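Enquirer: Structure supplied as upload02.tsv; contents: TSV, C-alpha atoms.
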chain	number	residue	atom	x	y	z
A	1	MET	CA	62.52	12.42	-68.41
A	2	CYS	CA	63.15	13.64	-71.99
A	3	ASN	CA	61.25	12.37	-75.06
A	4	GLU	CA	61.75	13.28	-78.70
A	5	ARG	CA	58.66	14.67	-80.40
A	6	ASN	CA	58.82	15.83	-84.01
A	7	GLY	CA	62.57	16.18	-83.78
A	8	VAL	CA	62.30	18.30	-80.67
A	9	GLY	CA	63.12	17.25	-77.10
A	10	SER	CA	60.11	17.20	-74.69
A	11	CYS	CA	60.56	17.01	-70.89
A	12	THR	CA	58.10	15.41	-68.42
A	13	CYS	CA	58.35	14.55	-64.70
A	14	LEU	CA	58.67	10.91	-63.76
A	15	PRO	CA	55.51	9.16	-62.48
A	16	GLN	CA	54.55	10.22	-58.96
A	17	TYR	CA	56.71	13.38	-59.23
A	18	PHE	CA	55.34	16.87	-59.63
A	19	GLY	CA	56.67	20.24	-60.77
A	20	ASP	CA	58.05	21.97	-63.87
A	21	PRO	CA	60.13	19.39	-65.73
A	22	TYR	CA	62.18	22.17	-67.31
A	23	ILE	CA	63.11	23.48	-63.85
A	24	ALA	CA	62.77	20.67	-61.25
A	25	CYS	CA	60.52	17.72	-60.42
A	26	ARG	CA	59.80	16.76	-56.80
A	27	PRO	CA	57.89	14.00	-54.95
A	28	GLU	CA	54.38	14.59	-53.45
A	29	CYS	CA	55.93	15.05	-50.04
A	30	VAL	CA	59.15	14.84	-48.15
A	31	THR	CA	57.85	15.55	-44.62
A	32	ASN	CA	54.43	15.42	-42.94
A	33	ALA	CA	54.24	19.18	-43.18
A	34	ASP	CA	53.83	18.79	-46.95
A	35	CYS	CA	50.51	16.94	-46.36
A	36	ASP	CA	47.07	17.82	-44.99
A	37	ARG	CA	46.87	17.41	-41.17
A	38	SER	CA	44.70	14.31	-41.70
A	39	LYS	CA	47.43	12.60	-43.76
A	40	ALA	CA	51.05	11.51	-43.21
A	41	CYS	CA	54.00	11.40	-45.61
A	42	LEU	CA	54.79	7.76	-46.28
A	43	ASN	CA	57.13	6.80	-49.12
A	44	ASN	CA	56.92	10.37	-50.43
A	45	LYS	CA	53.11	10.15	-50.67
A	46	CYS	CA	50.40	11.75	-48.51
A	47	VAL	CA	48.32	8.82	-47.27
A	48	ASN	CA	45.99	7.89	-44.35
A	49	PRO	CA	48.32	6.48	-41.66
A	50	CYS	CA	45.53	4.52	-39.88
A	51	PRO	CA	45.25	1.23	-41.86
A	52	GLY	CA	47.08	-1.54	-40.00
A	53	THR	CA	48.04	0.73	-37.11
A	54	CYS	CA	45.45	-0.23	-34.43
A	55	GLY	CA	44.53	-3.57	-32.91
A	56	GLN	CA	41.25	-5.49	-33.03
A	57	ASP	CA	38.07	-3.76	-31.80
A	58	ALA	CA	39.82	-0.39	-31.84
A	59	THR	CA	39.12	2.76	-33.83
A	60	CYS	CA	41.62	5.16	-35.36
A	61	ARG	CA	41.62	8.88	-36.04
A	62	VAL	CA	44.41	11.12	-37.37
A	63	VAL	CA	45.52	14.05	-35.25
A	64	ASN	CA	48.24	16.33	-36.68
A	65	HIS	CA	49.46	13.63	-39.14
A	66	ALA	CA	49.70	10.95	-36.36
A	67	PRO	CA	47.34	7.96	-35.95
A	68	MET	CA	45.52	7.87	-32.56
A	69	CYS	CA	44.08	4.52	-31.50
A	70	SER	CA	41.27	4.07	-28.97
A	71	CYS	CA	39.08	1.16	-27.94
A	72	LEU	CA	35.50	0.98	-29.20
A	73	PRO	CA	32.68	1.80	-26.72
A	74	GLY	CA	32.19	-1.15	-24.37
A	75	TYR	CA	35.78	-2.37	-24.87
A	76	THR	CA	38.99	-1.89	-22.89
A	77	GLY	CA	42.70	-2.70	-23.14
A	78	ASP	CA	45.66	-1.63	-25.34
A	79	PRO	CA	44.13	-0.22	-28.55
A	80	VAL	CA	47.40	-0.75	-30.45
A	81	ASN	CA	47.53	-4.48	-29.72
A	82	GLY	CA	43.81	-5.25	-29.28
A	83	CYS	CA	40.81	-4.42	-27.09
A	84	THR	CA	38.59	-6.82	-25.15
A	85	ILE	CA	34.94	-6.44	-24.27
A	86	ILE	CA	34.10	-5.08	-20.83
A	87	ILE	CA	32.19	-7.70	-18.83
A	88	VAL	CA	29.52	-5.95	-16.79
A	89	THR	CA	28.40	-7.89	-13.75
A	90	PRO	CA	24.78	-6.92	-13.04
A	91	LEU	CA	24.13	-5.61	-9.57
A	92	PRO	CA	21.93	-7.89	-7.48
A	93	VAL	CA	18.32	-6.79	-7.39
A	94	PRO	CA	17.65	-5.43	-3.90
A	95	ILE	CA	15.18	-7.54	-1.97
A	96	ASP	CA	12.29	-5.63	-0.42
A	97	PRO	CA	11.56	-7.27	2.95
A	98	CYS	CA	8.11	-5.68	2.87
A	99	ASP	CA	7.09	-7.31	-0.43
A	100	PRO	CA	5.06	-9.32	0.32
A	101	SER	CA	4.23	-7.76	3.66
A	102	PRO	CA	4.90	-10.06	6.63
A	103	CYS	CA	2.90	-7.84	8.98
A	104	GLY	CA	-0.64	-9.20	8.61
A	105	PRO	CA	-3.92	-7.29	8.19
A	106	ASN	CA	-4.52	-3.74	9.42
A	107	SER	CA	-0.77	-3.04	9.63
A	108	ASN	CA	1.94	-1.05	7.86
A	109	CYS	CA	5.39	-2.32	6.89
A	110	ARG	CA	8.49	-0.15	6.51
A	111	THR	CA	12.11	-1.09	5.81
A	112	HIS	CA	14.85	-0.25	8.32
A	113	ASP	CA	18.45	-1.43	7.81
A	114	GLY	CA	17.24	-4.11	5.39
A	115	HIS	CA	14.69	-5.53	7.81
A	116	ALA	CA	10.89	-5.29	7.89
A	117	VAL	CA	9.42	-3.23	10.73
A	118	CYS	CA	5.70	-3.78	11.37
A	119	LEU	CA	3.33	-1.29	13.00
A	120	CYS	CA	-0.43	-1.29	13.40
A	121	GLN	CA	-2.25	1.23	11.22
A	122	PRO	CA	-3.60	4.41	12.84
A	123	GLY	CA	-6.82	3.61	14.67
A	124	PHE	CA	-5.82	-0.01	15.28
A	125	SER	CA	-4.26	-1.50	18.39
A	126	GLY	CA	-2.35	-4.64	19.29
A	127	VAL	CA	0.86	-6.12	17.91
A	128	PRO	CA	1.21	-7.25	14.26
A	129	PRO	CA	0.00	-9.61	12.90
A	130	THR	CA	-2.97	-9.27	15.30
A	131	CYS	CA	-3.85	-5.59	14.81
A	132	ARG	CA	-7.52	-4.95	15.52
A	133	PRO	CA	-9.79	-1.89	15.50
A	134	GLY	CA	-10.54	-0.02	18.69
A	135	CYS	CA	-13.99	-1.59	18.68
A	136	ILE	CA	-16.42	-3.54	16.52
A	137	VAL	CA	-19.61	-3.26	18.59
A	138	SER	CA	-20.61	-0.61	21.12
A	139	SER	CA	-20.55	-3.13	23.97
A	140	GLU	CA	-16.75	-2.93	23.77
A	141	CYS	CA	-16.90	0.77	24.73
A	142	SER	CA	-17.81	2.49	27.98
A	143	GLN	CA	-21.52	3.17	28.57
A	144	ASN	CA	-21.18	6.82	27.49
A	145	ARG	CA	-19.45	5.96	24.22
A	146	ALA	CA	-20.52	4.14	21.03
A	147	CYS	CA	-18.52	2.26	18.42
A	148	ILE	CA	-18.38	4.64	15.44
A	149	ASN	CA	-16.12	3.75	12.49
A	150	ASN	CA	-14.36	1.18	14.70
A	151	LYS	CA	-13.57	3.80	17.35
A	152	CYS	CA	-15.19	4.43	20.73
A	153	ALA	CA	-16.56	7.97	20.42
A	154	ASP	CA	-19.24	10.27	21.75
A	155	PRO	CA	-22.39	9.48	19.71
A	156	CYS	CA	-24.02	12.84	20.46
A	157	PRO	CA	-22.39	15.17	17.88
A	158	GLY	CA	-24.73	15.40	14.90
A	159	SER	CA	-27.43	13.21	16.45
A	160	CYS	CA	-29.82	15.88	17.72
A	161	GLY	CA	-31.44	18.90	16.18
A	162	GLN	CA	-31.13	22.59	17.02
A	163	ASN	CA	-31.79	23.87	20.57
A	164	THR	CA	-31.50	20.40	22.11
A	165	ASN	CA	-29.64	18.54	24.82
A	166	CYS	CA	-27.97	15.18	24.28
A	167	LEU	CA	-27.20	12.53	26.90
A	168	THR	CA	-25.57	9.17	26.14
A	169	VAL	CA	-27.27	6.26	27.90
A	170	ASN	CA	-26.11	2.69	27.28
A	171	HIS	CA	-24.13	3.76	24.17
A	172	ASN	CA	-27.17	5.54	22.63
A	173	PRO	CA	-27.67	9.31	22.28
A	174	ILE	CA	-30.80	10.54	24.07
A	175	CYS	CA	-32.07	13.78	22.52
A	176	SER	CA	-34.41	16.20	24.27
A	177	CYS	CA	-35.39	19.81	23.73
A	178	ALA	CA	-33.57	22.35	25.85
A	179	SER	CA	-35.42	24.00	28.73
A	180	GLY	CA	-38.01	26.44	27.40
A	181	TYR	CA	-38.11	24.77	23.98
A	182	SER	CA	-40.39	22.18	22.39
A	183	GLY	CA	-40.60	20.21	19.17
A	184	ASP	CA	-38.88	17.24	17.60
A	185	PRO	CA	-35.46	16.99	19.30
A	186	PHE	CA	-34.07	15.06	16.32
A	187	VAL	CA	-34.90	17.92	13.94
A	188	HIS	CA	-35.51	21.29	15.63
A	189	CYS	CA	-36.85	22.67	18.86
A	190	THR	CA	-38.52	26.08	19.04
A	191	ARG	CA	-38.91	28.39	22.00
A	192	ILE	CA	-42.17	27.95	23.94
A	193	SER	CA	-44.28	31.13	23.81
A	194	THR	CA	-45.00	32.44	27.32
A	195	THR	CA	-47.96	34.55	26.19
A	196	SER	CA	-49.89	31.92	24.28
A	197	PRO	CA	-51.93	29.50	26.36
A	198	SER	CA	-50.91	25.86	26.16
A	199	PRO	CA	-52.99	23.95	23.63
A	200	LYS	CA	-55.82	22.10	25.21
A	201	GLY	CA	-55.82	18.36	25.30
A	202	GLU	CA	-52.06	18.08	24.77
A	203	GLY	CA	-51.37	14.34	24.83
A	204	ASP	CA	-48.43	12.03	25.51
A	205	PRO	CA	-45.42	13.20	23.39
A	206	CYS	CA	-44.47	9.54	22.94
A	207	LEU	CA	-47.80	8.78	21.23
A	208	PRO	CA	-47.38	8.08	18.41
A	209	ASN	CA	-43.80	6.87	18.99
A	210	PRO	CA	-41.42	9.24	17.16
A	211	CYS	CA	-38.38	7.03	17.77
A	212	GLY	CA	-38.61	4.43	15.02
A	213	PRO	CA	-38.48	0.61	15.22
A	214	ASN	CA	-36.60	-1.29	17.92
A	215	SER	CA	-36.54	1.81	20.13
A	216	GLN	CA	-38.23	3.11	23.23
A	217	CYS	CA	-39.59	6.54	24.01
A	218	ARG	CA	-39.48	8.19	27.43
A	219	VAL	CA	-40.92	11.51	28.46
A	220	ILE	CA	-38.32	13.85	29.90
A	221	GLY	CA	-39.63	17.28	30.83
A	222	SER	CA	-42.73	16.84	28.66
A	223	HIS	CA	-40.50	15.99	25.68
A	224	PRO	CA	-39.87	12.61	24.02
A	225	ALA	CA	-36.44	11.08	24.57
A	226	CYS	CA	-35.54	8.15	22.30
A	227	SER	CA	-33.16	5.26	22.93
A	228	CYS	CA	-32.65	1.80	21.47
A	229	LEU	CA	-34.29	-1.15	23.19
A	230	GLN	CA	-32.12	-3.39	25.32
A	231	ASN	CA	-29.86	-5.68	23.22
A	232	TYR	CA	-30.17	-3.34	20.22
A	233	ILE	CA	-27.43	-1.04	18.97
A	234	GLY	CA	-27.29	2.08	16.80
A	235	ARG	CA	-29.17	5.35	17.11
A	236	PRO	CA	-32.92	5.94	16.83
A	237	PRO	CA	-34.56	5.72	14.39
A	238	ASN	CA	-31.94	3.22	13.14
A	239	CYS	CA	-31.77	0.75	16.02
A	240	ARG	CA	-30.73	-2.76	14.99
A	241	PRO	CA	-29.77	-6.03	16.65
A	242	GLU	CA	-26.10	-6.65	17.41
A	243	CYS	CA	-26.01	-9.33	14.72
A	244	THR	CA	-28.20	-11.23	12.29
A	245	ASP	CA	-25.64	-13.85	11.18
A	246	ASN	CA	-22.29	-15.20	12.35
A	247	SER	CA	-20.25	-13.08	9.93
A	248	GLU	CA	-21.02	-10.00	12.05
A	249	CYS	CA	-19.30	-11.54	15.10
A	250	PHE	CA	-15.69	-12.39	15.95
A	251	ASN	CA	-14.54	-15.83	14.76
A	252	THR	CA	-14.67	-16.96	18.41
A	253	ALA	CA	-18.34	-16.02	18.77
A	254	ALA	CA	-21.64	-16.94	17.09
A	255	CYS	CA	-24.84	-14.99	16.49
A	256	ILE	CA	-27.30	-16.43	19.02
A	257	ASN	CA	-30.66	-14.68	19.47
A	258	GLN	CA	-29.22	-11.67	17.61
A	259	ARG	CA	-26.31	-11.37	20.09
A	260	CYS	CA	-22.67	-12.30	19.59
A	261	LYS	CA	-22.11	-15.00	22.22
A	262	ASN	CA	-19.82	-17.90	23.04
A	263	PRO	CA	-21.49	-20.94	21.40
A	264	CYS	CA	-19.74	-23.43	23.73
A	265	PRO	CA	-22.07	-23.47	26.79
A	266	GLY	CA	-24.27	-26.57	26.45
A	267	ALA	CA	-22.66	-27.67	23.18
A	268	CYS	CA	-20.38	-30.43	24.47
A	269	GLY	CA	-20.85	-33.47	26.67
A	270	GLU	CA	-19.63	-34.20	30.17
A	271	ILE	CA	-15.88	-33.64	30.79
A	272	ALA	CA	-15.40	-32.59	27.14
A	273	ARG	CA	-13.48	-29.49	26.14
A	274	CYS	CA	-14.87	-26.86	23.77
A	275	THR	CA	-13.09	-24.46	21.44
A	276	VAL	CA	-14.64	-22.13	18.87
A	277	GLN	CA	-13.37	-22.12	15.31
A	278	ASN	CA	-15.00	-19.86	12.73
A	279	HIS	CA	-18.11	-19.40	14.92
A	280	VAL	CA	-18.58	-23.19	15.38
A	281	PRO	CA	-18.07	-25.01	18.72
A	282	ILE	CA	-15.56	-27.88	18.42
A	283	CYS	CA	-15.84	-30.58	21.12
A	284	THR	CA	-12.91	-32.84	22.04
A	285	CYS	CA	-12.20	-35.26	24.86
A	286	PRO	CA	-9.26	-34.29	27.10
A	287	GLU	CA	-6.07	-36.34	27.08
A	288	GLY	CA	-6.61	-39.71	28.70
A	289	TYR	CA	-10.33	-39.76	27.91
A	290	GLU	CA	-12.32	-41.18	25.02
A	291	GLY	CA	-15.87	-41.33	23.73
A	292	ASP	CA	-18.30	-39.04	21.94
A	293	PRO	CA	-17.34	-35.52	23.11
A	294	THR	CA	-20.79	-34.20	22.21
A	295	VAL	CA	-22.33	-36.70	24.68
A	296	ARG	CA	-19.79	-37.78	27.28
A	297	CYS	CA	-16.08	-38.53	27.65
A	298	VAL	CA	-14.97	-41.47	29.80
A	299	LEU	CA	-11.60	-42.48	31.15
A	300	ALA	CA	-9.71	-44.40	28.49
A	301	SER	CA	-9.00	-48.09	29.16
A	302	PRO	CA	-5.31	-48.93	29.85
A	303	PRO	CA	-3.54	-50.48	26.84
A	304	GLY	CA	-3.88	-54.27	26.63
A	305	GLU	CA	-7.23	-54.52	28.36
Mind turning this structure into structure tokens?
Expert:
Amino acid sequence: MCNERNGVGSCTCLPQYFGDPYIACRPECVTNADCDRSKACLNNKCVNPCPGTCGQDATCRVVNHAPMCSCLPGYTGDPVNGCTIIIVTPLPVPIDPCDPSPCGPNSNCRTHDGHAVCLCQPGFSGVPPTCRPGCIVSSECSQNRACINNKCADPCPGSCGQNTNCLTVNHNPICSCASGYSGDPFVHCTRISTTSPSPKGEGDPCLPNPCGPNSQCRVIGSHPACSCLQNYIGRPPNCRPECTDNSECFNTAACINQRCKNPCPGACGEIARCTVQNHVPICTCPEGYEGDPTVRCVLASPPGE
């Protein structure tokens, strides 16, 4: 384009054209190669080719002059026409068949193929849900064993002192000094000197009683041997009754005269039946009988009489 300025012709390129107007003017671009790689040549101008190219919920980036459409994170579909949100169906929460445990007390529960498998805990016997300890009182063990930590075991280890012998009698450890030794068999026995004469006036080794309360002392080989009195359990000097209240017995027994016994004998009347619930005898008349079960049950009258 030529303009007159002070009587002289002046040349300028048309708008949106570049170059030396006295030689040649050219547009900003003719091909994409004339533009930066992030632009494209549209209508002889280097512009961003992305606007209006991609669909809804899609993003655009320019690669080597060309617009590349892709769906936003969490969306799927044709990014040129429009993307839709991905619907995620939550996985069902796995059900633990062992929570809560169906196995009962003193048992372990493990899952196998989606099912609960119940086993009694180590040291307990029976079948869940009725797992029970090996023993509760020593009377449930053989005569030469005692109930220790709910297991029938030898009560001798750790009961007697040094240089002693131990014998279990009626669930109780009987300690005595070994042959040729004397002293307190619960603490320590020392060798008897063969050169020193025996002390004069040596009395009964069970006087005074070294065995503690609720125990008896017997002389075995001139040495005291301690054991719990009949109907008492434990180890001297800690002998105690089998029970002092019902809570120390099974639910089907009651503490009677410091022994866990069946409370039914003598509790119900004639012909009545007796069951024990939570240490208490429950009396009922059998079917076909009526009356006070604690006194006497009589044959029920036929209907209509």
Enquirer: Just the residues within 6 Å of range 276-291 of chain A, please, counting only C-alpha atoms, with nothing from its chain fewer than 5 positions along; format it as a PyMOL selection string.
Expert: chain A and resi 251-254+263-264+268+297-300
Enquirer: Quick one: pull the distance between CA of Thr31 in chain A and CA of Val47 in chain A, Å, one decimal.
Expert: 12.0 Å
Enquirer: Give the answer as one residue: which of A:Pro27, A:Gly161, A:Pro97, A:Pro173 has the shortest atom-to-atom distance to Pro185 in chain A, using all atoms listed in the file?
Expert: A:Gly161
Enquirer: Anything within 10 Å of (-20.9, 6.7, 30.3): list those residues as a PDB file with C-alpha atoms, in the frame of the given file, counting all atoms listed in the file and sticking to the file's coordinates.
Expert:
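The resulting file, point_5.pdb, is shown below:
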ATOM      1  CA  CYS A 141     -16.900   0.770  24.730  1.00  0.00           C
ATOM      2  CA  SER A 142     -17.810   2.490  27.980  1.00  0.00           C
ATOM      3  CA  GLN A 143     -21.520   3.170  28.570  1.00  0.00           C
ATOM      4  CA  ASN A 144     -21.180   6.820  27.490  1.00  0.00           C
ATOM      5  CA  ARG A 145     -19.450   5.960  24.220  1.00  0.00           C
ATOM      6  CA  ALA A 146     -20.520   4.140  21.030  1.00  0.00           C
ATOM      7  CA  ASP A 154     -19.240  10.270  21.750  1.00  0.00           C
ATOM      8  CA  LEU A 167     -27.200  12.530  26.900  1.00  0.00           C
ATOM      9  CA  THR A 168     -25.570   9.170  26.140  1.00  0.00           C
ATOM     10  CA  VAL A 169     -27.270   6.260  27.900  1.00  0.00           C
ATOM     11  CA  ASN A 170     -26.110   2.690  27.280  1.00  0.00           C
ATOM     12  CA  HIS A 171     -24.130   3.760  24.170  1.00  0.00           C
ATOM     13  CA  ASN A 172     -27.170   5.540  22.630  1.00  0.00           C
TER      14      ASN A 172
END
Enquirer: Could you give me, as a list in words, the residues within 6 Å of Pro79 in chain A, counting only C-alpha atoms and dropping anything in the same chain fewer than 5 positions from it?
Expert: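 Here the qualifying residues turn out to be Gly55, Ala58, Cys69, Ser70 and Cys71 of chain A.
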Enquirer: Report as a ChimeraX atom specification all protein, DNA and RNA residues lying within 8 Å of Ile86 in chain A, evaluated on all atoms listed in the file, omitting residues in the same chain fewer than 6 positions from it.
Expert: /A:74-76
Enquirer: Show me the residues around (-0.3, -11.4, 7.5) - criterion: an atom at most 12 Å away, all atoms listed in the file counted - as a VMD selection string.
Expert: chain A and resid 98 to 109 118 120 127 to 131
Enquirer: Measuring atom to atom with all atoms listed in the file, identify which of A:Cys239, A:Cys189, A:Ala225, A:Ala116 is nearest to Asn209 in chain A.
Expert: A:Ala225
Enquirer: Determine the nearest neighbour of Ser139 in chain A from the options A:Gly126, A:Gly234, A:Pro208, A:Gly82, counting only C-alpha atoms.
Expert: A:Gly234
Enquirer: Which residue gives the smallest distance to Cys260 in chain A among A:Asn165, A:Pro73, A:Val137, A:Met68, with all atoms listed in the file counted?
Expert: A:Val137
Enquirer: Would you work out the distance separating CA of Pro67 in chain A from CA of Val30 in chain A, expressed in Å to one decimal?
Expert: 18.3 Å
Enquirer: Rank A:Cys46, A:Ile85, A:Cys13, A:Arg61 by their smallest atom-to-atom distance to Glu28 in chain A, using only C-alpha atoms, and report the top residue only.
Expert: A:Cys46
Enquirer: To one decimal place in Å, what is the distance between CA of Ala267 in chain A and CA of Asp292 in chain A?
Expert: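 Between these atoms lies a distance of 12.2 Å.
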Enquirer: Taking 3 positions as the minimum chain separation for residues in the same chain, which residues sit within 10 Å of Asn149 in chain A when counting all atoms listed in the file? Answer as a VMD selection string.
Expert: chain A and resid 123 133 to 137 146 152 to 153
Enquirer: So that I can see what lies close to His188 in chain A, please list as a VMD selection string the residues with an atom at most 10 Å from it, counting all atoms listed in the file and leaving out residues fewer than 3 positions away in the same chain.
Expert: chain A and resid 160 to 164 177 181 to 185
Enquirer: Could you check which of A:Ile271, A:Leu42, A:Cys243, A:Val93 is closest to Arg259 in chain A, using all atoms listed in the file?
Expert: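 Nearest candidate to Arg259 in chain A out of A:Ile271, A:Leu42, A:Cys243, A:Val93: A:Cys243.
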